[in-house]
Amino acid sequence: MRLLVAIVHAEDADEIARALSERAIQSTRIEAKGGFLAMPAAVFLIGVEKERTEEVKSLIVEKSTGRTLTPAESAGEGGEILIGGAVIFVLEVLEFVKL
């Protein structure tokens with residue numbers, strides 16, 4: 001079994017949750033805020049069998065949208081910053097207990 005920890009932009013979270021549910025993939029969603037730009041985010045904790053890992057990763061990548069943000073010039077920043085998309089950690093689960 002594997003635990004996927006996916007950090008996604010808040011605007012993509014509902015669609016990801018819906019797609020996971022449609023495929024009977026259980027998940028826990030935690031609302032979060034990014035540290036760099038304090039943008040709203042969601043963290044999904046998803047436990048799946050090893051064989052479904054690539055399916056879940058592909059689904060999240062498909063539903064995650066990258067966006068560009070142009071900081072206000074008054075903030076002293078120049079250029080565009082890529083936000084959104086997803087960060088996915090895949091962890092091996094040594095033991096799983098469901099009560």
# chains A, B, ... in the order shown; residues from 1 in each chain; ligands from 1
>>> select_by_dssp(residues="chain A", states="strand (DSSP E)", output="PyMOL selection string")
chain A and resi 2-9+27-33+40-48+66-69+81-84+86-92
>>> residues_around(residues="Met1 in chain A", least_positions_apart="3", cutoff="6 Å", atoms="only C-alpha atoms", output="PyMOL selection string")
chain A and resi 48-50+93
>>> residues_around(residues="range 22-31 of chain A", least_positions_apart="5", cutoff="6 Å", atoms="only C-alpha atoms", output="list in words")
Ala42, Val43, Phe44, Leu45 and Ile46 of chain A
>>> atom_distance(atom1="CA of Leu94 in chain A", atom2="CA of Leu59 in chain A")
24.6 Å
>>> residues_around(residues="Leu3 in chain A", least_positions_apart="4", cutoff="6 Å", atoms="only C-alpha atoms", output="list in words")
Ile46, Gly47, Val90 and Leu91 of chain A
>>> select_by_dssp(residues="chain A", states="helix (DSSP H, G or I)", output="PyMOL selection string")
chain A and resi 10-22+50-63+73-75
>>> write_last_selection(atoms="C-alpha atoms", output="short mmCIF file (atom, residue, chain, number, x, y, z; two decimals), in the first residue's frame")
data_model
loop_
_atom_site.label_atom_id
_atom_site.label_comp_id
_atom_site.auth_asym_id
_atom_site.auth_seq_id
_atom_site.Cartn_x
_atom_site.Cartn_y
_atom_site.Cartn_z
CA ALA A 10 -7.49 25.40 -3.92
CA GLU A 11 -9.20 26.18 -7.25
CA ASP A 12 -8.44 22.64 -8.47
CA ALA A 13 -9.39 20.82 -5.25
CA ASP A 14 -13.13 20.31 -5.89
CA GLU A 15 -12.54 18.80 -9.32
CA ILE A 16 -9.81 16.51 -7.99
CA ALA A 17 -12.04 15.38 -5.10
CA ARG A 18 -14.88 14.66 -7.53
CA ALA A 19 -12.62 12.67 -9.88
CA LEU A 20 -11.22 10.61 -7.00
CA SER A 21 -14.72 9.87 -5.73
CA GLU A 22 -15.94 8.83 -9.19
CA LYS A 50 0.53 -0.01 -5.19
CA GLU A 51 -1.06 -0.92 -8.55
CA ARG A 52 -3.24 2.25 -8.52
CA THR A 53 -0.45 4.72 -7.74
CA GLU A 54 0.13 5.81 -11.35
CA GLU A 55 -3.64 6.12 -11.95
CA VAL A 56 -4.01 8.52 -9.02
CA LYS A 57 -0.92 10.53 -9.94
CA SER A 58 -2.15 10.90 -13.53
CA LEU A 59 -5.59 11.99 -12.36
CA ILE A 60 -4.13 14.71 -10.12
CA VAL A 61 -1.79 15.94 -12.86
CA GLU A 62 -4.68 16.03 -15.33
CA LYS A 63 -6.91 18.05 -13.00
CA GLU A 73 5.42 46.25 -8.78
CA SER A 74 5.05 47.90 -5.39
CA ALA A 75 6.06 44.60 -3.81
#
